Protein chains: 2
Amino acid sequence: MSYNKGEMFSKTCKYAINAMIYVPGSSSEKERTNLKEISKAIVSPEAFTAKILQVLVKNKLLISVKGPHGGFSMNGDPSKIFLSWIVDAIDGDMLFTGCALGLKKCAEEHPCAVHYKFKAIREHLTGMLHSTSLTDMADRVNNGISFLKH
Amino acid sequence: MSYNKGEMFSKTCKYAINAMIYVPGSSSEKERTNLKEISKAIVSPEAFTAKILQVLVKNKLLISVKGPHGGFSMNGDPSKIFLSWIVDAIDGDMLFTGCALGLKKCAEEHPCAVHYKFKAIREHLTGMLHSTSLTDMADRVNNGISFLKH
DNA sequence: ATAATTAAGGATATTTTTGTCCTTAATTAA
DNA sequence: TTAATTAAGGACAAAAATATCCTTAATTAT
Ligand code: FES
Ligand code: FES
């Protein structure tokens with residue numbers, strides 16, 4: 001038996017976050033990247049990354065354009081796009097609203113054994129996800145402070 | 001597409017935690033419960049729960065005895081058994097040491113784009129897991145404050 | 001000793017997540 | 001208008017997590 005979960009974000013979601021960080025910080029025609037560049041930059045399987053980008057486009061986090069020089073660009077100001085939006089688009093809201101111990105609903109009136117202790121952590125986490133913008137993250141990478149791969 | 005992870009603990013781990021809470025708080029011969037009672041109490045599939053209990057026994061969190069009136073009991077003082085031990089036994093240490101965005105290693109010298117923000121949350125979380133004992137949790141359930149199922 | 005009870009553990013099955021392949025649609029350039 | 005390029009999307013495949021079944025081993029009571 002080799003259980004190895006407990007990972008906060010799904011692998012799919014991790015790819016999605018790194019992909020979003022890599023997409024240039026503008027929705028102008030000029031600043032656009034494509035699937036090949038993205039999957040290379042974040043070291044992810046190309047075909048799988050394509051599926052993830054589709055979801056991000058459907059969720060209006062990215063804009064896609066087909067054809068030569070097509071590709072992906074941000075939909076809106078990246079300083080106003082938050083990490084929580086990506087997590088929600090890919091992993092759904094379980095991280096924000098689910099019970100840590102698997103009860104059907106997380107509720108004050110019927111709390112699990114770690115509800116109160118967990119609640120504080122969840123608030124800390126969701127606060128961070130709601131307040132961290134794409135520019136926050138992309139700047140670190142562009143300045144060579146943080147990294148997208150390895 | 002329906003991605004629905006981002007759950008902090010694996011389902012297996014959630015079962016394990018609730019099972020540990022249900023096992024009576026003593027390693028004496030008298031206070032012992034068995035697979036059937038546990039899986040009923042926490043609403044989990046019996047055969048699968050058996051596998052999980054095996055892992056907990058191998059990790060010395062539980063003691064098992066075969067035969068009539070056999071079953072499972074705590075290995076040691078439950079006020080000195082911590083939530084983090086269960087998580088580590090079942091899900092491994094990725095939650096404690098892994099990179100939030102999937103880099104091979106979480107390291108200050110090569111941080112991902114959310115490393116510093118994530119680090120604080122991880123410390124908060126691991127602090128909680130290391131300081132929450134089985135009695136902390138079991139007391140709440142025994143006092144009717146918290147619940148193991150639904 | 002024998003039968004009954006309970007956990008251990010191997011084998012297998014199902015479901016979910018992750019990943020690939022290939023065809024179609026849209027756009028651009030020549 | 002034709003060819004080239006790029007994303008969309010359906011179908012399929014592989015891997016991992018979750019779950020079941022059945023046989024064996026250990027213990028207890030009769
Ligand atoms: S009920 Fe479990 S975290 Fe709220
Ligand atoms: S490097 Fe990603 S969390 Fe530390």
# chains A, B, ... in the order shown; residues from 1 in each chain; ligands from 1

call {"tool": "closest_atom_pairs", "arguments": {"of": "chain A", "to": "chain C", "cutoff": "7 Å", "atoms": "only C-alpha atoms (C1' of nucleotides)", "output": "CSV"}}
result
residue,atom,partner,partner_atom,distance
A:Ala47,CA,C:DT20,C1',6.8
A:Phe48,CA,C:DG19,C1',6.0
A:Lys66,CA,C:DA26,C1',5.6
A:Gly67,CA,C:DT27,C1',4.1
A:Pro68,CA,C:DT28,C1',5.5

call {"tool": "residues_near_ligand", "arguments": {"ligand": "ligand 1", "cutoff": "6 Å", "atoms": "only C-alpha atoms (C1' of nucleotides) and all ligand atoms", "output": "VMD selection string"}}
result
chain A and resid 99 to 101 106 to 107 111 to 112 115 118

call {"tool": "write_last_selection", "arguments": {"atoms": "N, CA, C and O atoms", "output": "PDB file, in the first residue's frame"}}
result
ATOM      1  N   CYS A  99     -15.573  19.413   4.409  1.00  0.00           N
ATOM      2  CA  CYS A  99     -15.155  18.988   5.746  1.00  0.00           C
ATOM      3  C   CYS A  99     -13.821  18.250   5.669  1.00  0.00           C
ATOM      4  O   CYS A  99     -13.636  17.375   4.833  1.00  0.00           O
ATOM      5  N   ALA A 100     -12.927  18.600   6.568  1.00  0.00           N
ATOM      6  CA  ALA A 100     -11.590  18.008   6.582  1.00  0.00           C
ATOM      7  C   ALA A 100     -11.632  16.502   6.818  1.00  0.00           C
ATOM      8  O   ALA A 100     -10.775  15.764   6.338  1.00  0.00           O
ATOM      9  N   LEU A 101     -12.628  16.061   7.547  1.00  0.00           N
ATOM     10  CA  LEU A 101     -12.695  14.628   7.878  1.00  0.00           C
ATOM     11  C   LEU A 101     -13.754  13.882   7.077  1.00  0.00           C
ATOM     12  O   LEU A 101     -14.091  12.737   7.399  1.00  0.00           O
ATOM     13  N   CYS A 106     -19.636  20.544   5.883  1.00  0.00           N
ATOM     14  CA  CYS A 106     -18.954  21.181   7.005  1.00  0.00           C
ATOM     15  C   CYS A 106     -19.914  22.188   7.590  1.00  0.00           C
ATOM     16  O   CYS A 106     -20.307  23.146   6.918  1.00  0.00           O
ATOM     17  N   ALA A 107     -20.322  21.948   8.833  1.00  0.00           N
ATOM     18  CA  ALA A 107     -21.325  22.833   9.428  1.00  0.00           C
ATOM     19  C   ALA A 107     -21.094  22.958  10.925  1.00  0.00           C
ATOM     20  O   ALA A 107     -20.818  21.975  11.608  1.00  0.00           O
ATOM     21  N   PRO A 111     -20.381  19.569  13.602  1.00  0.00           N
ATOM     22  CA  PRO A 111     -18.960  19.645  13.238  1.00  0.00           C
ATOM     23  C   PRO A 111     -18.232  18.313  13.431  1.00  0.00           C
ATOM     24  O   PRO A 111     -18.611  17.509  14.296  1.00  0.00           O
ATOM     25  N   CYS A 112     -17.220  18.099  12.645  1.00  0.00           N
ATOM     26  CA  CYS A 112     -16.370  16.928  12.834  1.00  0.00           C
ATOM     27  C   CYS A 112     -15.388  17.216  13.979  1.00  0.00           C
ATOM     28  O   CYS A 112     -15.369  18.311  14.548  1.00  0.00           O
ATOM     29  N   HIS A 115     -13.145  20.281  13.374  1.00  0.00           N
ATOM     30  CA  HIS A 115     -13.752  21.455  12.723  1.00  0.00           C
ATOM     31  C   HIS A 115     -13.169  22.794  13.155  1.00  0.00           C
ATOM     32  O   HIS A 115     -12.744  23.584  12.314  1.00  0.00           O
ATOM     33  N   PHE A 118      -9.517  23.205  12.361  1.00  0.00           N
ATOM     34  CA  PHE A 118      -9.326  23.235  10.920  1.00  0.00           C
ATOM     35  C   PHE A 118      -9.839  24.534  10.310  1.00  0.00           C
ATOM     36  O   PHE A 118      -9.245  25.062   9.366  1.00  0.00           O
TER      37      PHE A 118
END

call {"tool": "residues_near_ligand", "arguments": {"ligand": "ligand 2", "cutoff": "10 Å", "atoms": "only C-alpha atoms (C1' of nucleotides) and all ligand atoms", "output": "NGL selection string"}}
result
(:A and (146-150)) or (:B and (96-120 or 122))

call {"tool": "closest_atom_pairs", "arguments": {"of": "chain A", "to": "chain D", "cutoff": "12 Å", "atoms": "only C-alpha atoms (C1' of nucleotides)", "output": "JSON lines"}}
result
{"residue": "A:Met1", "atom": "CA", "partner": "D:DA17", "partner_atom": "C1'", "distance": 10.4}
{"residue": "A:Ser2", "atom": "CA", "partner": "D:DA16", "partner_atom": "C1'", "distance": 9.7}
{"residue": "A:Tyr3", "atom": "CA", "partner": "D:DA17", "partner_atom": "C1'", "distance": 8.0}
{"residue": "A:Asn4", "atom": "CA", "partner": "D:DA17", "partner_atom": "C1'", "distance": 9.5}
{"residue": "A:Lys5", "atom": "CA", "partner": "D:DA17", "partner_atom": "C1'", "distance": 9.2}
{"residue": "A:Thr33", "atom": "CA", "partner": "D:DT6", "partner_atom": "C1'", "distance": 10.9}
{"residue": "A:Asn34", "atom": "CA", "partner": "D:DT6", "partner_atom": "C1'", "distance": 8.0}
{"residue": "A:Leu35", "atom": "CA", "partner": "D:DA7", "partner_atom": "C1'", "distance": 8.5}
{"residue": "A:Lys36", "atom": "CA", "partner": "D:DT6", "partner_atom": "C1'", "distance": 9.9}
{"residue": "A:Ala47", "atom": "CA", "partner": "D:DA7", "partner_atom": "C1'", "distance": 11.2}
{"residue": "A:Thr49", "atom": "CA", "partner": "D:DA7", "partner_atom": "C1'", "distance": 11.7}
{"residue": "A:Ala50", "atom": "CA", "partner": "D:DA7", "partner_atom": "C1'", "distance": 8.2}
{"residue": "A:Lys51", "atom": "CA", "partner": "D:DG9", "partner_atom": "C1'", "distance": 8.9}
{"residue": "A:Ile52", "atom": "CA", "partner": "D:DA8", "partner_atom": "C1'", "distance": 11.7}
{"residue": "A:Leu53", "atom": "CA", "partner": "D:DA7", "partner_atom": "C1'", "distance": 9.5}
{"residue": "A:Gln54", "atom": "CA", "partner": "D:DA8", "partner_atom": "C1'", "distance": 7.7}
{"residue": "A:Val55", "atom": "CA", "partner": "D:DA8", "partner_atom": "C1'", "distance": 10.9}
{"residue": "A:Val57", "atom": "CA", "partner": "D:DA7", "partner_atom": "C1'", "distance": 10.6}
{"residue": "A:Lys58", "atom": "CA", "partner": "D:DA8", "partner_atom": "C1'", "distance": 11.1}
{"residue": "A:Ile63", "atom": "CA", "partner": "D:DA7", "partner_atom": "C1'", "distance": 10.8}
{"residue": "A:Ser64", "atom": "CA", "partner": "D:DA7", "partner_atom": "C1'", "distance": 7.2}
{"residue": "A:Val65", "atom": "CA", "partner": "D:DA7", "partner_atom": "C1'", "distance": 6.9}
{"residue": "A:Lys66", "atom": "CA", "partner": "D:DT6", "partner_atom": "C1'", "distance": 5.0}
{"residue": "A:Gly67", "atom": "CA", "partner": "D:DT6", "partner_atom": "C1'", "distance": 4.4}
{"residue": "A:Pro68", "atom": "CA", "partner": "D:DT5", "partner_atom": "C1'", "distance": 4.4}
{"residue": "A:His69", "atom": "CA", "partner": "D:DT6", "partner_atom": "C1'", "distance": 7.5}
{"residue": "A:Gly70", "atom": "CA", "partner": "D:DT6", "partner_atom": "C1'", "distance": 6.0}
{"residue": "A:Gly71", "atom": "CA", "partner": "D:DT6", "partner_atom": "C1'", "distance": 6.8}
{"residue": "A:Phe72", "atom": "CA", "partner": "D:DA7", "partner_atom": "C1'", "distance": 9.1}

call {"tool": "select_by_dssp", "arguments": {"residues": "range 4-87 of chain A", "states": "helix (DSSP H, G or I)", "output": "PyMOL selection string"}}
result
chain A and resi 11-22+35-42+46-58+78-80+83-87

call {"tool": "select_by_dssp", "arguments": {"residues": "range 5-132 of chain B", "states": "strand (DSSP E)", "output": "ChimeraX atom specification"}}
result
/B:62-65,71-74

call {"tool": "closest_residue", "arguments": {"among": "A:Ser73, A:Asn18, A:Thr135, A:Asn143", "to": "chain B", "atoms": "only C-alpha atoms"}}
result
A:Asn18

call {"tool": "atom_distance", "arguments": {"atom1": "CA of Cys13 in chain A", "atom2": "CA of Asn75 in chain A"}}
result
18.3 Å

call {"tool": "atom_distance", "arguments": {"atom1": "CA of Asp91 in chain B", "atom2": "CA of Leu129 in chain B"}}
result
13.2 Å

call {"tool": "atom_distance", "arguments": {"atom1": "CA of Val43 in chain A", "atom2": "CA of Tyr15 in chain A"}}
result
8.7 Å

call {"tool": "closest_residue", "arguments": {"among": "B:Gly92, B:Ala41, B:Thr126, B:Asn142", "to": "chain A", "atoms": "only C-alpha atoms"}}
result
B:Gly92

call {"tool": "closest_residue", "arguments": {"among": "B:Leu125, B:Met20, B:Glu37, B:His130", "to": "chain A", "atoms": "only C-alpha atoms"}}
result
B:Leu125

call {"tool": "residues_around", "arguments": {"residues": "Ile86 in chain A", "least_positions_apart": "6", "cutoff": "9 Å", "atoms": "only C-alpha atoms (C1' of nucleotides)", "output": "ChimeraX atom specification"}}
result
/A:13,16-17,20,56,59,61

call {"tool": "closest_residue", "arguments": {"among": "A:Leu83, A:Glu31, A:Asp139, A:Leu95", "to": "chain B", "atoms": "only C-alpha atoms"}}
result
A:Leu95

call {"tool": "closest_residue", "arguments": {"among": "A:Ile121, A:Val23, A:Arg32, A:Ile81", "to": "chain B", "atoms": "only C-alpha atoms"}}
result
A:Ile121
